[in-house]
Structures are given as structure tokens and as C-alpha cells.
$ cat input11.cif   # mmCIF, C-alpha atoms and all ligand atoms
data_target
#
loop_
_atom_site.label_atom_id
_atom_site.label_comp_id
_atom_site.auth_asym_id
_atom_site.auth_seq_id
_atom_site.Cartn_x
_atom_site.Cartn_y
_atom_site.Cartn_z
CA MET A 118 -2.16 -30.35 87.01
CA LYS A 119 -5.29 -28.59 85.98
CA ARG A 120 -3.30 -25.74 84.49
CA LYS A 121 -1.05 -28.09 82.56
CA HIS A 122 -4.10 -29.84 81.04
CA LEU A 123 -5.44 -26.49 79.87
CA ARG A 124 -2.13 -25.69 78.26
CA ILE A 125 -2.16 -28.97 76.30
CA ASN A 126 -5.70 -28.25 75.10
CA ARG A 127 -4.63 -24.81 73.94
CA PHE A 128 -1.62 -26.32 72.19
CA ILE A 129 -3.85 -28.80 70.32
CA PHE A 130 -6.18 -25.98 69.38
CA VAL A 131 -3.33 -23.87 67.92
CA ILE A 132 -1.98 -26.83 65.94
CA ALA A 133 -5.47 -27.57 64.59
CA CYS A 134 -5.88 -23.94 63.53
CA LEU A 135 -2.49 -24.03 61.84
CA ILE A 136 -3.32 -27.23 59.98
CA PHE A 137 -6.63 -25.76 58.86
CA ALA A 138 -4.94 -22.54 57.69
CA ILE A 139 -2.36 -24.44 55.64
CA PHE A 140 -5.07 -26.63 54.19
CA ALA A 141 -7.20 -23.60 53.23
CA PHE A 142 -4.21 -21.77 51.77
CA THR A 143 -3.14 -24.71 49.58
CA ARG A 144 -6.73 -25.12 48.38
CA ILE A 145 -6.80 -21.47 47.35
CA LEU A 146 -3.46 -21.90 45.58
CA ALA A 147 -4.64 -25.05 43.86
CA ARG A 148 -7.90 -23.51 42.63
CA PRO A 149 -7.70 -23.22 38.84
CA ASP A 150 -7.45 -19.70 37.39
CA PRO A 151 -10.74 -19.16 35.52
CA TYR A 152 -8.94 -17.03 32.91
CA LYS A 153 -5.97 -19.31 32.35
CA GLN A 154 -7.02 -20.09 28.77
CA TYR A 155 -6.92 -16.37 27.92
CA LYS A 156 -3.52 -15.80 29.46
CA ASP A 157 -1.63 -18.76 28.03
CA ILE A 158 -0.93 -18.36 24.36
CA SER A 159 1.16 -20.54 22.15
CA THR A 160 4.34 -19.15 20.66
CA GLN A 161 3.72 -20.98 17.41
CA LEU A 162 3.29 -18.83 14.31
CA LYS A 163 4.78 -15.84 16.08
CA THR A 164 7.94 -15.34 14.13
CA VAL A 165 8.58 -11.64 14.57
CA GLY A 166 9.18 -9.31 17.46
CA GLU A 167 9.10 -9.72 21.19
CA GLN A 168 5.88 -11.26 22.33
CA GLN A 169 3.98 -8.65 24.27
CA ARG A 170 1.00 -9.03 26.49
CA ILE A 171 -1.45 -6.88 28.41
CA ASP A 172 -3.67 -8.40 31.07
CA GLU A 173 -5.98 -5.65 32.11
CA GLU A 174 -8.98 -6.00 34.33
CA ILE A 175 -11.12 -2.97 33.57
CA SER A 176 -14.09 -3.75 35.82
CA GLU A 177 -16.05 -6.66 37.18
CA THR A 178 -17.92 -6.99 33.88
CA GLU A 179 -15.11 -6.25 31.44
CA LEU A 180 -11.84 -8.14 31.16
CA HIS A 181 -9.21 -7.70 28.48
CA PHE A 182 -6.51 -10.18 27.55
CA LEU A 183 -4.75 -8.69 24.58
CA HIS A 184 -1.69 -10.28 23.02
CA TYR A 185 0.17 -8.51 20.26
CA PRO A 186 3.68 -8.35 18.87
CA GLU A 187 6.16 -5.62 19.55
CA LEU A 188 8.21 -5.42 16.39
CA GLY A 189 10.73 -2.85 17.59
CA ILE A 190 10.04 -0.65 14.53
CA ALA A 191 8.39 2.57 15.71
CA THR A 192 6.02 3.18 12.77
CA ALA A 193 4.77 -0.41 12.74
CA ASP A 194 4.34 -0.59 16.51
CA GLN A 195 2.30 2.64 16.46
CA ALA A 196 0.03 1.21 13.77
CA ILE A 197 -0.48 -1.95 15.84
CA LEU A 198 -1.31 0.10 18.95
CA ALA A 199 -3.79 2.16 16.91
CA TYR A 200 -5.52 -1.10 15.96
CA ILE A 201 -5.55 -2.27 19.60
CA GLU A 202 -7.00 1.03 20.75
CA GLN A 203 -9.94 0.90 18.38
CA LEU A 204 -11.04 -2.54 19.61
CA PRO A 205 -14.53 -2.24 21.12
CA ASP A 206 -15.06 -1.69 24.85
CA VAL A 207 -17.68 -4.34 25.50
CA GLU A 208 -18.83 -6.40 28.45
CA GLY A 209 -17.33 -9.81 29.01
CA ILE A 210 -13.91 -11.13 28.18
CA SER A 211 -12.05 -9.62 25.22
CA PHE A 212 -9.29 -11.84 23.91
CA LEU A 213 -6.77 -11.04 21.19
CA ASP A 214 -4.22 -13.44 19.75
CA TYR A 215 -2.11 -13.23 16.60
CA GLU A 216 0.06 -14.99 14.06
CA SER A 217 3.02 -13.24 12.48
CA TYR A 218 5.15 -13.97 9.45
CA GLU A 219 8.46 -12.68 8.26
CA LEU A 220 8.95 -12.93 4.53
CA THR A 221 12.25 -12.67 2.73
CA ASP A 222 12.75 -9.40 0.88
CA GLY A 223 11.59 -7.35 3.79
CA PHE A 224 7.91 -7.90 4.57
CA ILE A 225 6.12 -8.65 7.84
CA GLY A 226 2.55 -9.93 8.00
CA VAL A 227 0.47 -9.95 11.20
CA LEU A 228 -2.92 -11.64 11.45
CA PHE A 229 -4.95 -10.72 14.55
CA HIS A 230 -7.75 -12.86 15.89
CA TYR A 231 -10.18 -11.05 18.19
CA GLN A 232 -12.84 -12.80 20.26
CA ASN A 233 -15.35 -11.60 22.83
CA PHE A 234 -16.86 -14.03 25.38
CA ASN A 235 -19.51 -13.48 28.03
CA LEU A 236 -18.61 -14.24 31.66
CA ASP A 237 -19.83 -17.81 31.13
CA HIS A 238 -17.09 -18.16 28.49
CA GLN A 239 -19.50 -18.36 25.57
CA LEU A 240 -18.27 -16.79 22.34
CA GLN A 241 -20.24 -13.65 21.43
CA ASN A 242 -18.17 -12.06 18.70
CA GLU A 243 -15.18 -12.89 16.52
CA SER A 244 -13.16 -11.11 13.84
CA TYR A 245 -9.79 -11.17 12.11
CA HIS A 246 -7.60 -8.29 11.06
CA GLY A 247 -4.57 -8.43 8.79
CA MET A 248 -1.72 -5.93 8.78
CA SER A 249 1.43 -5.97 6.67
CA PHE A 250 4.56 -3.90 7.02
CA ALA A 251 7.74 -3.06 5.16
CA LYS A 252 10.40 -4.42 7.49
CA GLU A 253 12.94 -1.64 7.07
CA SER A 254 10.68 1.42 7.37
CA GLY A 255 7.86 -0.12 9.39
CA GLU A 256 5.45 1.44 6.90
CA LEU A 257 1.96 -0.09 6.95
CA LEU A 258 1.46 -1.42 3.42
CA ALA A 259 -1.54 -0.63 1.25
CA ILE A 260 -2.86 -3.28 -1.13
CA GLN A 261 -1.38 -1.35 -4.09
CA ASP A 262 2.04 -1.87 -2.53
CA VAL A 263 1.76 -5.64 -2.92
CA LEU A 264 -0.64 -6.19 -5.83
CA ARG A 265 -0.52 -4.75 -9.31
CA ARG A 266 -2.10 -4.92 -12.74
CA ASN A 267 -5.91 -5.34 -12.73
CA TYR A 268 -5.79 -6.97 -9.28
CA THR A 269 -9.25 -5.57 -8.48
CA ASP A 270 -10.70 -8.05 -10.99
CA VAL A 271 -8.93 -10.87 -9.15
CA LEU A 272 -10.12 -9.68 -5.74
CA SER A 273 -13.68 -9.28 -6.95
CA LYS A 274 -13.68 -12.84 -8.27
CA GLU A 275 -12.17 -14.29 -5.08
CA PHE A 276 -14.41 -12.31 -2.70
CA LYS A 277 -17.43 -13.59 -4.61
CA LYS A 278 -16.21 -17.18 -4.77
CA GLN A 279 -14.89 -17.54 -1.23
CA ALA A 280 -17.25 -15.28 0.75
CA ASN A 281 -20.13 -14.45 -1.62
CA LEU A 282 -19.21 -10.80 -1.12
CA ASP A 283 -19.53 -8.05 -3.74
CA TYR A 284 -16.18 -6.32 -3.84
CA THR A 285 -16.15 -2.64 -4.78
CA ASP A 286 -13.62 0.18 -4.57
CA ASP A 287 -15.11 1.02 -1.18
CA THR A 288 -14.65 -2.45 0.30
CA THR A 289 -12.40 -1.99 3.31
CA PHE A 290 -10.14 -4.83 4.26
CA GLY A 291 -6.87 -5.53 5.99
CA PHE A 292 -4.37 -8.05 4.72
CA ALA A 293 -1.57 -10.14 6.17
CA LEU A 294 1.22 -11.47 3.98
CA ARG A 295 2.01 -15.09 4.81
CA GLU A 296 4.48 -17.64 3.45
CA GLN A 297 2.41 -19.01 0.59
CA ASP A 298 -0.56 -16.67 0.42
CA MET A 299 -2.03 -13.50 1.77
CA ILE A 300 -5.15 -13.41 3.83
CA LEU A 301 -7.56 -10.52 3.29
CA THR A 302 -9.79 -9.72 6.24
CA THR A 303 -13.08 -7.79 6.23
CA ALA A 304 -15.56 -7.24 9.05
CA ASP A 305 -17.65 -10.15 7.72
CA ALA A 306 -15.31 -12.64 6.08
CA ASN A 307 -11.77 -13.58 5.17
CA ILE A 308 -10.40 -14.76 1.87
CA THR A 309 -6.99 -16.07 0.89
CA LEU A 310 -5.05 -15.24 -2.24
CA PRO A 311 -2.35 -17.81 -3.01
CA TYR A 312 0.85 -16.46 -4.57
CA GLN A 313 1.10 -19.43 -6.90
CA GLY A 314 -1.08 -18.86 -9.93
CA ASN A 315 -1.37 -15.12 -9.27
CA GLU A 316 2.21 -14.13 -10.15
CA PRO A 317 1.26 -11.44 -12.72
CA TYR A 318 -0.63 -9.57 -10.01
CA LEU A 319 2.10 -9.65 -7.35
CA ARG A 320 4.38 -6.76 -6.67
CA ILE A 321 6.00 -8.35 -3.63
CA HIS A 322 9.42 -9.85 -4.10
CA SER A 323 9.10 -12.99 -2.12
CA LYS A 324 9.77 -16.70 -2.47
CA GLY A 325 10.96 -16.32 -6.01
CA ILE A 326 8.19 -13.99 -7.11
CA ALA A 327 9.54 -11.24 -9.37
CA LYS A 328 12.90 -11.68 -7.68
CA ASP A 329 14.80 -10.91 -10.87
CA ILE A 330 13.54 -7.31 -10.84
CA THR A 331 15.78 -4.76 -9.16
CA PRO A 332 14.04 -1.39 -9.02
CA PHE A 333 16.05 1.61 -10.27
CA THR A 334 16.85 4.10 -7.52
CA ILE A 335 15.52 7.65 -7.77
CA LYS A 336 18.58 9.86 -7.32
CA ARG A 337 17.32 13.32 -8.23
CA GLN A 338 14.36 15.18 -6.89
CA VAL A 339 13.27 18.64 -8.00
CA PRO A 340 12.03 20.74 -5.05
CA ILE A 341 8.51 22.21 -5.29
CA ASP A 342 6.97 25.21 -3.56
CA PRO A 343 3.22 24.37 -3.50
CA ASN A 344 2.32 28.05 -3.23
CA LYS A 345 4.06 29.16 -6.41
CA PRO A 346 2.67 28.79 -9.97
CA MET A 347 3.44 25.55 -11.79
CA ILE A 348 3.15 24.00 -15.23
CA ALA A 349 3.54 20.39 -16.40
CA LEU A 350 5.19 19.82 -19.76
CA THR A 351 4.14 16.42 -21.10
CA PHE A 352 5.61 14.39 -23.96
CA ASP A 353 3.81 11.66 -25.90
CA ASP A 354 4.76 8.82 -28.26
CA GLY A 355 8.38 8.25 -27.14
CA PRO A 356 10.92 7.21 -26.29
CA SER A 357 12.72 8.27 -29.46
CA PRO A 358 16.34 8.95 -30.42
CA TYR A 359 15.74 12.56 -29.23
CA THR A 360 14.34 11.78 -25.79
CA ASP A 361 17.70 11.93 -23.98
CA GLN A 362 18.22 15.44 -25.30
CA PHE A 363 14.85 16.49 -23.88
CA LEU A 364 15.91 15.03 -20.52
CA GLN A 365 19.16 16.97 -20.74
CA VAL A 366 17.29 20.30 -21.01
CA PHE A 367 15.23 19.65 -17.88
CA GLU A 368 18.26 18.38 -15.95
CA GLN A 369 20.20 21.52 -16.89
CA TYR A 370 17.47 23.82 -15.50
CA ASN A 371 16.65 21.76 -12.39
CA ALA A 372 13.16 21.03 -13.74
CA THR A 373 11.20 17.91 -14.56
CA ALA A 374 8.45 16.67 -16.92
CA SER A 375 6.21 13.67 -17.66
CA PHE A 376 6.75 11.19 -20.49
CA PHE A 377 3.78 9.23 -21.84
CA MET A 378 5.49 6.32 -23.57
CA LEU A 379 4.43 3.60 -25.97
CA GLY A 380 5.04 0.08 -24.71
CA SER A 381 6.16 -0.97 -28.19
CA ASN A 382 8.95 1.67 -28.10
CA ILE A 383 10.23 1.28 -24.57
CA GLU A 384 12.10 -2.01 -25.02
CA HIS A 385 14.43 -0.26 -27.48
CA TYR A 386 15.41 2.43 -24.94
CA PRO A 387 16.39 0.76 -21.64
CA ASP A 388 19.05 3.40 -20.87
CA THR A 389 16.63 6.27 -21.50
CA LEU A 390 14.07 4.66 -19.18
CA LYS A 391 16.75 4.25 -16.51
CA ARG A 392 17.85 7.88 -16.83
CA MET A 393 14.24 9.08 -16.60
CA ILE A 394 13.59 7.22 -13.37
CA GLU A 395 16.95 7.92 -11.73
CA ASN A 396 16.69 11.61 -12.57
CA GLY A 397 13.19 12.10 -11.23
CA PHE A 398 11.09 12.32 -14.39
CA GLU A 399 7.58 10.92 -14.31
CA ILE A 400 7.10 7.79 -16.40
CA CYS A 401 3.60 7.49 -17.87
CA ASN A 402 1.71 5.09 -20.13
CA HIS A 403 0.52 5.95 -23.66
CA SER A 404 -0.83 2.46 -24.56
CA TRP A 405 1.05 -0.34 -26.30
CA SER A 406 0.32 0.23 -29.98
CA HIS A 407 -1.11 3.76 -30.27
CA LYS A 408 -4.48 2.70 -31.54
CA SER A 409 -7.65 4.29 -30.20
CA ILE A 410 -9.09 2.38 -27.24
CA ALA A 411 -12.39 4.28 -27.32
CA THR A 412 -14.23 1.46 -29.09
CA ASP A 413 -12.32 -1.48 -27.55
CA ASP A 414 -13.83 -4.08 -25.25
CA LYS A 415 -12.52 -4.59 -21.73
CA ASP A 416 -9.91 -7.23 -22.57
CA ALA A 417 -8.46 -5.15 -25.41
CA ILE A 418 -8.26 -2.06 -23.17
CA LEU A 419 -6.61 -4.14 -20.42
CA ALA A 420 -4.05 -5.41 -22.92
CA GLU A 421 -3.21 -1.92 -24.26
CA ILE A 422 -2.72 -0.59 -20.75
CA PHE A 423 -1.11 -3.50 -18.97
CA ASP A 424 1.21 -4.80 -21.67
CA THR A 425 2.92 -1.42 -21.35
CA GLN A 426 2.75 -1.45 -17.54
CA ASP A 427 4.28 -4.96 -17.51
CA THR A 428 7.13 -3.96 -19.83
CA ILE A 429 8.05 -0.89 -17.81
CA TYR A 430 7.77 -2.82 -14.54
CA ARG A 431 9.91 -5.68 -15.82
CA MET A 432 12.59 -3.28 -17.09
CA SER A 433 12.69 -0.90 -14.13
CA GLY A 434 10.79 -2.17 -11.08
CA HIS A 435 8.65 0.99 -11.36
CA GLU A 436 5.40 1.55 -13.17
CA PRO A 437 3.23 4.45 -14.26
CA THR A 438 0.20 5.65 -12.34
CA ARG A 439 -1.06 7.64 -15.36
CA MET A 440 -2.20 6.69 -18.82
CA ARG A 441 -2.95 9.03 -21.72
CA PRO A 442 -5.10 7.32 -24.34
CA PRO A 443 -3.88 7.86 -27.93
CA TYR A 444 -5.63 10.84 -29.60
CA GLY A 445 -7.21 11.55 -26.21
CA ALA A 446 -9.90 9.13 -27.40
CA VAL A 447 -11.60 7.68 -24.38
CA ASN A 448 -15.00 6.33 -23.37
CA ASP A 449 -16.61 5.38 -20.07
CA LEU A 450 -15.29 1.82 -20.24
CA SER A 451 -11.69 3.03 -20.61
CA TYR A 452 -12.12 5.21 -17.52
CA THR A 453 -13.58 2.30 -15.55
CA VAL A 454 -10.86 -0.12 -16.61
CA ALA A 455 -7.94 2.29 -16.11
CA ASN A 456 -9.00 4.27 -13.06
CA GLY A 457 -10.44 1.14 -11.42
CA ASN A 458 -6.93 -0.28 -11.53
CA ASP A 459 -5.03 2.74 -10.22
CA VAL A 460 -3.94 3.97 -13.65
CA ASN A 461 -5.41 7.46 -13.99
CA ILE A 462 -6.55 8.64 -17.42
CA THR A 463 -4.70 11.92 -17.94
CA LEU A 464 -5.42 14.40 -20.74
CA TRP A 465 -4.03 17.93 -21.35
CA ASN A 466 -5.32 21.49 -21.46
CA VAL A 467 -2.84 23.13 -23.86
CA ASP A 468 -1.94 21.57 -27.24
CA THR A 469 1.12 22.85 -29.10
CA GLU A 470 0.21 20.72 -32.16
CA ASP A 471 3.96 20.23 -32.56
CA TRP A 472 3.36 17.00 -34.54
CA ARG A 473 1.44 19.00 -37.14
CA ASN A 474 3.45 22.22 -37.43
CA ARG A 475 6.96 20.69 -36.94
CA ASP A 476 8.10 24.28 -36.49
CA ALA A 477 10.08 25.31 -33.39
CA ALA A 478 8.89 28.94 -33.48
CA VAL A 479 5.21 28.03 -33.85
CA THR A 480 5.43 25.33 -31.15
CA LEU A 481 7.20 27.75 -28.79
CA GLU A 482 4.63 30.48 -29.42
CA ARG A 483 1.67 28.18 -28.79
CA ALA A 484 3.25 26.95 -25.53
CA LYS A 485 4.01 30.49 -24.32
CA ALA A 486 0.49 31.68 -25.21
CA GLY A 487 -1.04 28.72 -23.34
CA ALA A 488 1.01 29.10 -20.14
CA PHE A 489 -0.96 29.47 -16.90
CA ASP A 490 -0.78 28.19 -13.34
CA GLY A 491 -2.20 24.69 -13.84
CA ALA A 492 -1.33 24.26 -17.54
CA ILE A 493 -0.63 20.74 -18.85
CA ILE A 494 1.06 21.31 -22.18
CA LEU A 495 1.19 18.57 -24.81
CA PHE A 496 4.32 17.92 -26.90
CA HIS A 497 5.85 14.90 -28.62
CA ASP A 498 9.48 13.94 -27.94
CA LEU A 499 9.87 12.75 -31.55
CA TYR A 500 10.82 15.92 -33.40
CA PRO A 501 13.94 18.13 -33.48
CA SER A 502 11.59 21.15 -33.82
CA SER A 503 9.93 20.27 -30.51
CA LEU A 504 13.36 19.89 -28.88
CA GLU A 505 14.42 23.35 -30.11
CA ALA A 506 11.18 24.85 -28.77
CA VAL A 507 11.65 23.21 -25.35
CA LYS A 508 15.23 24.46 -25.09
CA GLU A 509 13.88 28.03 -25.19
CA LEU A 510 10.62 27.40 -23.39
CA VAL A 511 12.07 25.94 -20.17
CA PRO A 512 14.18 28.98 -19.19
CA TYR A 513 11.45 31.32 -20.45
CA LEU A 514 8.73 29.79 -18.23
CA GLN A 515 11.06 29.69 -15.23
CA GLY A 516 11.80 33.38 -15.87
CA GLN A 517 8.03 33.99 -15.72
CA GLY A 518 7.97 32.43 -12.23
CA PHE A 519 6.61 28.99 -13.20
CA GLN A 520 7.95 25.80 -11.67
CA LEU A 521 8.12 22.92 -14.17
CA VAL A 522 6.75 19.84 -12.43
CA SER A 523 5.44 16.36 -13.21
CA VAL A 524 1.80 16.11 -14.17
CA SER A 525 1.10 14.14 -10.96
CA ASP A 526 2.55 16.92 -8.82
CA LEU A 527 0.54 19.45 -10.83
CA PHE A 528 -2.69 17.57 -10.09
CA LYS A 529 -1.64 17.25 -6.46
CA TYR A 530 -1.12 20.97 -5.91
CA LYS A 531 -3.17 22.63 -8.68
CA GLY A 532 -5.81 20.05 -9.56
CA ASP A 533 -8.64 22.57 -9.29
CA LYS A 534 -6.92 24.95 -11.71
CA THR A 535 -6.47 22.50 -14.60
CA GLY A 536 -10.11 22.55 -15.74
CA LEU A 537 -9.82 18.77 -16.28
ZN ZN B 1 0.17 9.83 -29.14
#
$ encode --input "input11.cif" --output "C-alpha cells"
Amino acid sequence: MKRKHLRINRFIFVIACLIFAIFAFTRILARPDPYKQYKDISTQLKTVGEQQRIDEEISETELHFLHYPELGIATADQAILAYIEQLPDVEGISFLDYESYELTDGFIGVLFHYQNFNLDHQLQNESYHGMSFAKESGELLAIQDVLRRNYTDVLSKEFKKQANLDYTDDTTFGFALREQDMILTTADANITLPYQGNEPYLRIHSKGIAKDITPFTIKRQVPIDPNKPMIALTFDDGPSPYTDQFLQVFEQYNATASFFMLGSNIEHYPDTLKRMIENGFEICNHSWSHKSIATDDKDAILAEIFDTQDTIYRMSGHEPTRMRPPYGAVNDLSYTVANGNDVNITLWNVDTEDWRNRDAAVTLERAKAGAFDGAIILFHDLYPSSLEAVKELVPYLQGQGFQLVSVSDLFKYKGDKTGL
């Protein structure tokens, strides 16, 4: 009897232990996860890629909950990882969330939101970072890829108005393209730039913006050996009825050149412009009306430069990165206005004076005498005499070991030799 009683007591004890264990276990299970808010993110505004997530506990004082998209485009995903990797290693809880946007015509915008909390969940630090990509290539876009004209004036105005920030060329910012606007993010502040009302400054082809422009395709590229001597032949004042014949000479000898064109002429030569771009010639700006801009005010300089840029862009989907002021007449303001808007003022270092002599032999002689590795030779594609000179000059210079390149490639490889 005694033994049986003991056995019942032991049985009750085991049951009690079991009940307690189950109770304790369910309490542990039911205890709320203190980091739940950092792990659960909404899928709203995440329109591209597979949602990706890293939960990484680094140490007892440092926890990371980083959410970012995986777009499935190698170049873009590498750029996103590079951003993730440069996030600060700081104490507390680091949390990253994002919004992403897919725009028609092949753009992706990603807006990251980074926050750092202490272990009591109080916000210590917060910043945004915008990134935008070309969908097909995954290329990380620069602001010049999406904005054009004197967009720096627009940004400076908006940075001042929205964030009381002085915008300069050195201001570093990221940007994310969204449906109706782009958001520009700096370390200190964000501003938005709506598409509506800023159409002249937009290069992106989205939501009806500039959608009627189909860029010409570049079909011919002249190979360059950076270690061999090179010369840029440059032609001002065209296009003219002779320009196609100039192009023909360069095409025949597998060479190229740069054409500084007048906006007021270009509209009359759409086929010549198309041939230039398709066949790998460099299109450049020579003002709208060929008047000196050296004494103009800012608005007049902007008009001379950008009326021509607009015309070329509208006709071809491409636009020059170089501008040669008529007569080479230029002052500090012209440099500020042009170079500040990614249109480089470009002069020359050899002048054939072909417009004055109108003599093929004299023009040819002056060009030959001026030839050196780094020469930028000035001609005008308006005169039959210049055409005759070029027909002889091109094979002659190639025979002397010179490559005939665009003026931009010359600056790229021989900039220090130009003396400009
Ligand atoms: Zn000129």
C-alpha cells in the first residue's frame, strides 16, 4: 500500500512538471519578438525585383535589418550592394527599407530609407538615398542622363527653395526616378523635382515626356589606338550643301571629324545630321545665329547655346557636349554658362584661314604645316576649296601616322598636348 501511494505521488509530480514545462514553453513562444517591427516590411511601393532581406546579428550591441531589392540585372545589383556595404557600422539597430519604381521606357528608380536606433528603439540617425538605373543595361544613371539644358539652374533654385541649400557643381546627391517626379537625396536633405512644368529639362522618355523623339543609332565607330599620334579636324558654320561630301571623304578613309554647326542651319539638313550621327561623326554646337556671345548677358548666352542644343536634340535624340563660340570670342560668363551646363567651350590650335584664302593649295599647306600630335585644325565646311584640301589632307595625314579623331577623343587622349 505504502509503495503504491508513493507511486501516485511520483505520478502527480511528473504530470505537474510536464504541465509547467508546456506552460513555460508556450509563454516563451508567445513572447513578442522585440525586433518584429524591423523584420516585417510592407510590399507596397516595391514594384521591381525580388524582395531580398538580410537579418544579421553582428554582436550584442549591433543589429542589422537591411531590406533591399534584387533586380536580377548584374550591374544594378552590384551598385546596390556597393551602397549597402558603405552603410556605417554603428551601435544599435540599423534598419534599411526602400521604395522602387519601374517607369515605362526602361528606367528603374530605387529610394532607400536608412535609420539607426539605439537598443531602446529611439531614432538616432536617418537618411535617404536615391538610385536610378537603365532597365536594359542595369547602368547606374548620372543626373546628366536624365536632365538636360541648363538643369543646374533649376536644381540650384529648387535646392534653395526646398532645403535652403546652396547647390554647387560639387554638391553630391543621389536621385530616384518616380512616377510623377524624381527625388534628389543629399546627406542633409531631399528635394523633389516634378516632371510636369520641367519638360524642357528632361531627357527621360517617360509618361509622355519627349516620347516623340527616337534617337538615331550610331552604326559606325572608328577604332582608336590611344598610344599613336592623333589630330582632330574640325568644321565650323555648317551644315552646308557641301557637308555630305566632307563626310564622304572621312567615311572613305575610315576616319572621323567634328562638326560645329549653327542651329539656324541645321533644320535645313536633317539627312546630313542623321548621316553624321549614324556614321560616328561628332556633332558640336556653334551657337544659333553666329553672333559674338562675348558681351552677352546670361539669358542671351543661354539662348544662343540651348536653342541649338534643343534643335539638334529634337531632330536626333542626341546633343552636343561641345560648343565653339563664333570668332572664338568668349568671356568668363560664357565659360560659366556653357561649362556649368555640361557644354564645353572648345577652341582650336591650328587655323587654316580657309574662309579667307578660299584656296585649296593654301588651305592644304597651312593644315600640313600645323600638323602635330594634339592638333585641332579649324576649317569651314562651306567652301569647295576647303573640300578639295580635305580630300588630299586626310590620306596625307594618315600616311604620316596620324589618326583622325573627334575633338572629344583628342581631348580624352591628348588633352595635355593641345596647349588649350
Ligand atoms: Zn563660325
$ closest_residue --input "input11.cif" --among "A:Leu180, A:Ile383, A:Ala349, A:Ile210" --to "Leu464 (chain A)" --atoms "only C-alpha atoms"
A:Ala349
$ closest_atom_pairs --input "input11.cif" --of "chain A" --to "ligand ZN 1 (chain B)" --cutoff "6 Å" --atoms "all atoms listed in the file" --output "JSON lines"
{"residue": "A:Asp353", "atom": "CA", "partner": "B:ZN1", "partner_atom": "ZN", "distance": 5.2}
{"residue": "A:Asp354", "atom": "CA", "partner": "B:ZN1", "partner_atom": "ZN", "distance": 4.8}
{"residue": "A:Pro443", "atom": "CA", "partner": "B:ZN1", "partner_atom": "ZN", "distance": 4.7}
{"residue": "A:Tyr444", "atom": "CA", "partner": "B:ZN1", "partner_atom": "ZN", "distance": 5.9}
$ residues_around --input "input11.cif" --residues "region 469-484 of chain A" --least-positions-apart "6" --cutoff "9 Å" --atoms "all atoms listed in the file" --output "compact mmCIF listing (two decimals) with C-alpha atoms, in the frame of the given file"
# COMPACT_ATOMS: atom_id res chain seq x y z
CA ILE A 494 1.06 21.31 -22.18
CA LEU A 495 1.19 18.57 -24.81
CA PHE A 496 4.32 17.92 -26.90
CA HIS A 497 5.85 14.90 -28.62
CA LEU A 499 9.87 12.75 -31.55
CA TYR A 500 10.82 15.92 -33.40
CA PRO A 501 13.94 18.13 -33.48
CA SER A 502 11.59 21.15 -33.82
CA SER A 503 9.93 20.27 -30.51
CA LEU A 504 13.36 19.89 -28.88
CA GLU A 505 14.42 23.35 -30.11
CA ALA A 506 11.18 24.85 -28.77
CA VAL A 507 11.65 23.21 -25.35
CA GLU A 509 13.88 28.03 -25.19
CA LEU A 510 10.62 27.40 -23.39
$ atom_distance --input "input11.cif" --atom1 "CA of Pro442 (chain A)" --atom2 "CA of Leu419 (chain A)"
12.2 Å
$ closest_residue --input "input11.cif" --among "A:Val460, A:His435, A:Asn233, A:Met347" --to "Gly532 (chain A)" --atoms "all atoms listed in the file"
A:Met347
$ residues_around --input "input11.cif" --residues "His181 (chain A)" --least-positions-apart "3" --cutoff "10 Å" --atoms "all atoms listed in the file" --output "ChimeraX atom specification"
/A:155-156,171-176,184,206-213,233
$ write_last_selection --input "input11.cif" --atoms "C-alpha atoms" --output "mmCIF file, keeping the file's coordinate frame"
data_model
loop_
_atom_site.group_PDB
_atom_site.id
_atom_site.type_symbol
_atom_site.label_atom_id
_atom_site.label_comp_id
_atom_site.auth_asym_id
_atom_site.auth_seq_id
_atom_site.Cartn_x
_atom_site.Cartn_y
_atom_site.Cartn_z
ATOM 1 C CA TYR A 155 -6.920 -16.370 27.920
ATOM 2 C CA LYS A 156 -3.520 -15.800 29.460
ATOM 3 C CA ILE A 171 -1.450 -6.880 28.410
ATOM 4 C CA ASP A 172 -3.670 -8.400 31.070
ATOM 5 C CA GLU A 173 -5.980 -5.650 32.110
ATOM 6 C CA GLU A 174 -8.980 -6.000 34.330
ATOM 7 C CA ILE A 175 -11.120 -2.970 33.570
ATOM 8 C CA SER A 176 -14.090 -3.750 35.820
ATOM 9 C CA HIS A 184 -1.690 -10.280 23.020
ATOM 10 C CA ASP A 206 -15.060 -1.690 24.850
ATOM 11 C CA VAL A 207 -17.680 -4.340 25.500
ATOM 12 C CA GLU A 208 -18.830 -6.400 28.450
ATOM 13 C CA GLY A 209 -17.330 -9.810 29.010
ATOM 14 C CA ILE A 210 -13.910 -11.130 28.180
ATOM 15 C CA SER A 211 -12.050 -9.620 25.220
ATOM 16 C CA PHE A 212 -9.290 -11.840 23.910
ATOM 17 C CA LEU A 213 -6.770 -11.040 21.190
ATOM 18 C CA ASN A 233 -15.350 -11.600 22.830
#
$ closest_residue --input "input11.cif" --among "A:Gly226, A:Gln515, A:Met432, A:Asp468" --to "Ile330 (chain A)" --atoms "only C-alpha atoms"
A:Met432
$ closest_residue --input "input11.cif" --among "A:Asp424, A:Glu384, A:Asp222, A:Asp286" --to "His403 (chain A)" --atoms "all atoms listed in the file"
A:Asp424
$ atom_distance --input "input11.cif" --atom1 "CA of Arg439 (chain A)" --atom2 "CA of Phe423 (chain A)"
11.7 Å
$ closest_residue --input "input11.cif" --among "A:Leu220, A:Thr288, A:Gly518, A:Leu236" --to "Ala251 (chain A)" --atoms "all atoms listed in the file"
A:Leu220
$ atom_distance --input "input11.cif" --atom1 "CA of Ser375 (chain A)" --atom2 "CA of Pro356 (chain A)"
11.8 Å
$ residues_around --input "input11.cif" --residues "Leu537 (chain A)" --least-positions-apart "6" --cutoff "12 Å" --atoms "all atoms listed in the file" --output "compact mmCIF listing (two decimals) with C-alpha atoms, in the frame of the given file"
# COMPACT_ATOMS: atom_id res chain seq x y z
CA ILE A 462 -6.55 8.64 -17.42
CA THR A 463 -4.70 11.92 -17.94
CA LEU A 464 -5.42 14.40 -20.74
CA TRP A 465 -4.03 17.93 -21.35
CA ASN A 466 -5.32 21.49 -21.46
CA VAL A 467 -2.84 23.13 -23.86
CA GLY A 491 -2.20 24.69 -13.84
CA ALA A 492 -1.33 24.26 -17.54
CA ILE A 493 -0.63 20.74 -18.85
CA LEU A 527 0.54 19.45 -10.83
CA PHE A 528 -2.69 17.57 -10.09
CA LYS A 531 -3.17 22.63 -8.68
$ closest_residue --input "input11.cif" --among "A:Thr302, A:Ile422, A:Val263, A:Phe519" --to "Phe276 (chain A)" --atoms "all atoms listed in the file"
A:Thr302
$ residues_near_point --input "input11.cif" --point "(4.3, 7.4, -17.0)" --cutoff "12 Å" --atoms "only C-alpha atoms" --output "PyMOL selection string"
chain A and resi 351-356+374-380+383+390+393-394+397-404+422+425-426+429-430+435-442+460-463+523-525
